[in-house]
Amino acid sequence: DTGVSQDPRHKITKRGQNVTFRCDPISEHNRLYWYRQTLGQGPEFLTYFQNEAQLEKSRLLSDRFSAERPKGSFSTLEIQRTEQGDSAMYLCASSPQGRETQYFGPGTRLLVL
Amino acid sequence: AQKVTQAQTEISVVEKEDVTLDCVYETRDTTYYLFWYKQPPSGELVFLIRRNSFDEQNEISGRYSWNFQKSTSSFNFTITASQVVDSAVYFCALSEDTGANSKLTFGKGITLSVRP
């Protein structure tokens, strides 16, 4: 089994631009999670999917953020009108079901100038 | 609400020393899961161990061992005979057993530096 993959690994953008990140979970993992990690902090939950259904969103996820998992496989996280405060590492994780161990991808490091 | 506290922020040891990383958690649930993850400089979170709240048996895996004590809400991690490759940030995390959203709540992490 290949692990969780994320693309791109690094993204530099100017304030106000839109960015989109992609996550490919471990094959046949039904659960997919997005987390955000800022410098010196632990990851914080953003949202999760059970197959293609987005079941919960954190209050950290402002209206500028949207996530999809159209066919229950890969997922995308889009940030519109980026702000400097969006600079962070965006981590994706997957698990077979709830209560199972989450396996993380390498993350996408975003820098908003 | 659940909370994980890792009071130590940075630890520096010399190679071959033993080191213990502390983790204290808070939850209202009686059933929950505890985890340790390692984050090397590359950034990827690497899963190390998972324990459920009903299994207080301590575990040893090679140079790693874990001490889970429900009475003190602690889940400490010890590395025996540390090596330079153990240098990383270590996160303790908690997940409630809702069966629905099993989101992880992480501590702030402990930066471990192992010097040759």
# chains A, B, ... in the order shown; residues from 1 in each chain; ligands from 1
call {"tool": "residues_around", "arguments": {"residues": "Lys108 (chain B)", "least_positions_apart": "2", "cutoff": "9 Å", "atoms": "only C-alpha atoms", "output": "PyMOL selection string"}}
result
(chain A and resi 40-43) or (chain B and resi 4-7+9+90-92+106+110)
call {"tool": "select_by_dssp", "arguments": {"residues": "chain B", "states": "helix (DSSP H, G or I)", "output": "list of chain:residue names"}}
result
B:Lys70, B:Ser71, B:Thr72, B:Val84, B:Val85, B:Asp86
call {"tool": "residues_around", "arguments": {"residues": "Phe77 (chain B)", "least_positions_apart": "3", "cutoff": "8 Å", "atoms": "only C-alpha atoms", "output": "list in words"}}
result
Thr20, Leu21, Asp22, Cys23, Tyr64, Ser65, Trp66 and Asn67 of chain B
call {"tool": "interface_residues", "arguments": {"of": "chain B", "to": "chain A", "cutoff": "12 Å", "atoms": "only C-alpha atoms", "output": "ChimeraX atom specification"}}
result
/B:3-6,9-10,31-52,89-111
call {"tool": "write_last_selection", "arguments": {"atoms": "N, CA and C atoms", "output": "compact mmCIF listing (two decimals), in the first residue's frame"}}
result
# COMPACT_ATOMS: atom_id res chain seq x y z
N LYS B 3 -8.61 17.87 25.82
CA LYS B 3 -7.41 18.69 25.83
C LYS B 3 -6.21 17.80 26.07
N VAL B 4 -5.09 18.12 25.42
CA VAL B 4 -3.84 17.39 25.61
C VAL B 4 -2.76 18.41 25.97
N THR B 5 -2.05 18.13 27.06
CA THR B 5 -1.01 19.03 27.51
C THR B 5 0.34 18.33 27.48
N GLN B 6 1.26 18.93 26.76
CA GLN B 6 2.64 18.47 26.76
C GLN B 6 3.45 19.62 27.35
N THR B 9 8.59 21.59 26.36
CA THR B 9 8.59 22.12 25.00
C THR B 9 9.82 21.64 24.24
N GLU B 10 10.98 21.68 24.90
CA GLU B 10 12.20 21.24 24.24
C GLU B 10 13.02 20.41 25.21
N THR B 31 -14.56 6.21 27.15
CA THR B 31 -13.88 5.46 26.11
C THR B 31 -13.19 6.43 25.16
N TYR B 32 -11.91 6.25 24.98
CA TYR B 32 -11.15 7.16 24.13
C TYR B 32 -9.87 6.45 23.70
N TYR B 33 -9.15 7.11 22.78
CA TYR B 33 -7.90 6.56 22.27
C TYR B 33 -6.79 7.59 22.43
N LEU B 34 -5.62 7.10 22.72
CA LEU B 34 -4.44 7.96 22.85
C LEU B 34 -3.39 7.54 21.83
N PHE B 35 -2.67 8.52 21.32
CA PHE B 35 -1.70 8.27 20.27
C PHE B 35 -0.42 9.05 20.54
N TRP B 36 0.67 8.53 19.99
CA TRP B 36 1.90 9.30 19.85
C TRP B 36 2.28 9.29 18.37
N TYR B 37 2.64 10.49 17.89
CA TYR B 37 3.15 10.66 16.53
C TYR B 37 4.51 11.35 16.61
N LYS B 38 5.34 11.05 15.62
CA LYS B 38 6.66 11.67 15.51
C LYS B 38 6.68 12.51 14.23
N GLN B 39 7.21 13.73 14.33
CA GLN B 39 7.31 14.60 13.15
C GLN B 39 8.76 14.99 12.95
N PRO B 40 9.46 14.29 12.05
CA PRO B 40 10.85 14.66 11.75
C PRO B 40 10.89 15.95 10.95
N PRO B 41 12.08 16.49 10.71
CA PRO B 41 12.19 17.76 9.97
C PRO B 41 11.49 17.76 8.62
N SER B 42 11.33 16.61 8.01
CA SER B 42 10.65 16.55 6.71
C SER B 42 9.18 16.96 6.82
N GLY B 43 8.61 16.87 8.01
CA GLY B 43 7.25 17.38 8.22
C GLY B 43 6.16 16.34 8.31
N GLU B 44 6.40 15.13 7.83
CA GLU B 44 5.34 14.13 7.83
C GLU B 44 5.14 13.56 9.23
N LEU B 45 3.92 13.45 9.66
CA LEU B 45 3.60 12.86 10.96
C LEU B 45 3.64 11.34 10.84
N VAL B 46 4.46 10.72 11.65
CA VAL B 46 4.63 9.27 11.62
C VAL B 46 3.96 8.66 12.84
N PHE B 47 3.04 7.74 12.62
CA PHE B 47 2.33 7.09 13.71
C PHE B 47 3.29 6.18 14.48
N LEU B 48 3.22 6.26 15.82
CA LEU B 48 4.06 5.41 16.66
C LEU B 48 3.24 4.38 17.42
N ILE B 49 2.19 4.85 18.11
CA ILE B 49 1.41 3.92 18.93
C ILE B 49 0.00 4.45 19.16
N ARG B 50 -0.92 3.53 19.40
CA ARG B 50 -2.30 3.86 19.75
C ARG B 50 -2.71 2.95 20.90
N ARG B 51 -3.36 3.53 21.92
CA ARG B 51 -3.89 2.75 23.03
C ARG B 51 -5.33 3.15 23.27
N ASN B 52 -6.18 2.21 23.66
CA ASN B 52 -7.53 2.59 24.04
C ASN B 52 -7.63 2.68 25.54
N VAL B 89 10.01 16.28 16.47
CA VAL B 89 8.97 16.78 17.36
C VAL B 89 8.00 15.63 17.61
N TYR B 90 7.66 15.40 18.86
CA TYR B 90 6.79 14.31 19.23
C TYR B 90 5.46 14.86 19.75
N PHE B 91 4.38 14.35 19.17
CA PHE B 91 3.04 14.81 19.54
C PHE B 91 2.25 13.69 20.20
N CYS B 92 1.59 14.04 21.27
CA CYS B 92 0.61 13.18 21.90
C CYS B 92 -0.77 13.65 21.42
N ALA B 93 -1.68 12.71 21.18
CA ALA B 93 -2.99 13.09 20.67
C ALA B 93 -4.07 12.22 21.29
N LEU B 94 -5.29 12.76 21.29
CA LEU B 94 -6.44 12.10 21.93
C LEU B 94 -7.59 12.07 20.94
N SER B 95 -8.30 10.95 20.90
CA SER B 95 -9.49 10.84 20.06
C SER B 95 -10.60 10.23 20.89
N GLU B 96 -11.77 10.86 20.88
CA GLU B 96 -12.90 10.30 21.60
C GLU B 96 -13.55 9.21 20.76
N ASP B 97 -14.13 8.25 21.44
CA ASP B 97 -14.71 7.10 20.74
C ASP B 97 -16.16 7.36 20.40
N THR B 98 -16.37 8.32 19.51
CA THR B 98 -17.75 8.64 19.13
C THR B 98 -18.23 7.75 18.01
N GLY B 99 -17.31 7.16 17.29
CA GLY B 99 -17.69 6.39 16.11
C GLY B 99 -18.03 7.30 14.95
N ALA B 100 -18.29 8.53 15.25
CA ALA B 100 -18.59 9.50 14.20
C ALA B 100 -17.29 10.22 13.86
N ASN B 101 -17.14 11.43 14.33
CA ASN B 101 -15.92 12.16 14.05
C ASN B 101 -14.84 11.76 15.03
N SER B 102 -13.88 10.99 14.58
CA SER B 102 -12.78 10.58 15.46
C SER B 102 -11.61 11.54 15.29
N LYS B 103 -11.90 12.82 15.28
CA LYS B 103 -10.83 13.79 15.07
C LYS B 103 -9.82 13.70 16.20
N LEU B 104 -8.60 14.01 15.88
CA LEU B 104 -7.52 14.00 16.86
C LEU B 104 -7.34 15.39 17.45
N THR B 105 -7.17 15.42 18.77
CA THR B 105 -6.78 16.65 19.46
C THR B 105 -5.33 16.46 19.88
N PHE B 106 -4.47 17.35 19.40
CA PHE B 106 -3.04 17.22 19.63
C PHE B 106 -2.57 18.16 20.73
N GLY B 107 -1.47 17.75 21.39
CA GLY B 107 -0.74 18.68 22.23
C GLY B 107 0.13 19.57 21.35
N LYS B 108 0.90 20.44 22.00
CA LYS B 108 1.73 21.37 21.23
C LYS B 108 3.04 20.75 20.76
N GLY B 109 3.34 19.57 21.23
CA GLY B 109 4.53 18.88 20.78
C GLY B 109 5.75 19.15 21.64
N ILE B 110 6.67 18.20 21.61
CA ILE B 110 7.94 18.32 22.34
C ILE B 110 9.05 18.14 21.33
N THR B 111 9.94 19.13 21.26
CA THR B 111 11.07 19.03 20.34
C THR B 111 12.22 18.32 21.04
call {"tool": "residues_around", "arguments": {"residues": "Ser71 (chain B)", "least_positions_apart": "5", "cutoff": "12 Å", "atoms": "only C-alpha atoms", "output": "number ranges by chain"}}
result
B: 24-26, 53, 56
call {"tool": "atom_distance", "arguments": {"atom1": "CA of Ser94 (chain A)", "atom2": "CA of Lys11 (chain A)"}}
result
22.1 Å
call {"tool": "atom_distance", "arguments": {"atom1": "CA of Gln80 (chain A)", "atom2": "CA of Ile12 (chain A)"}}
result
14.1 Å
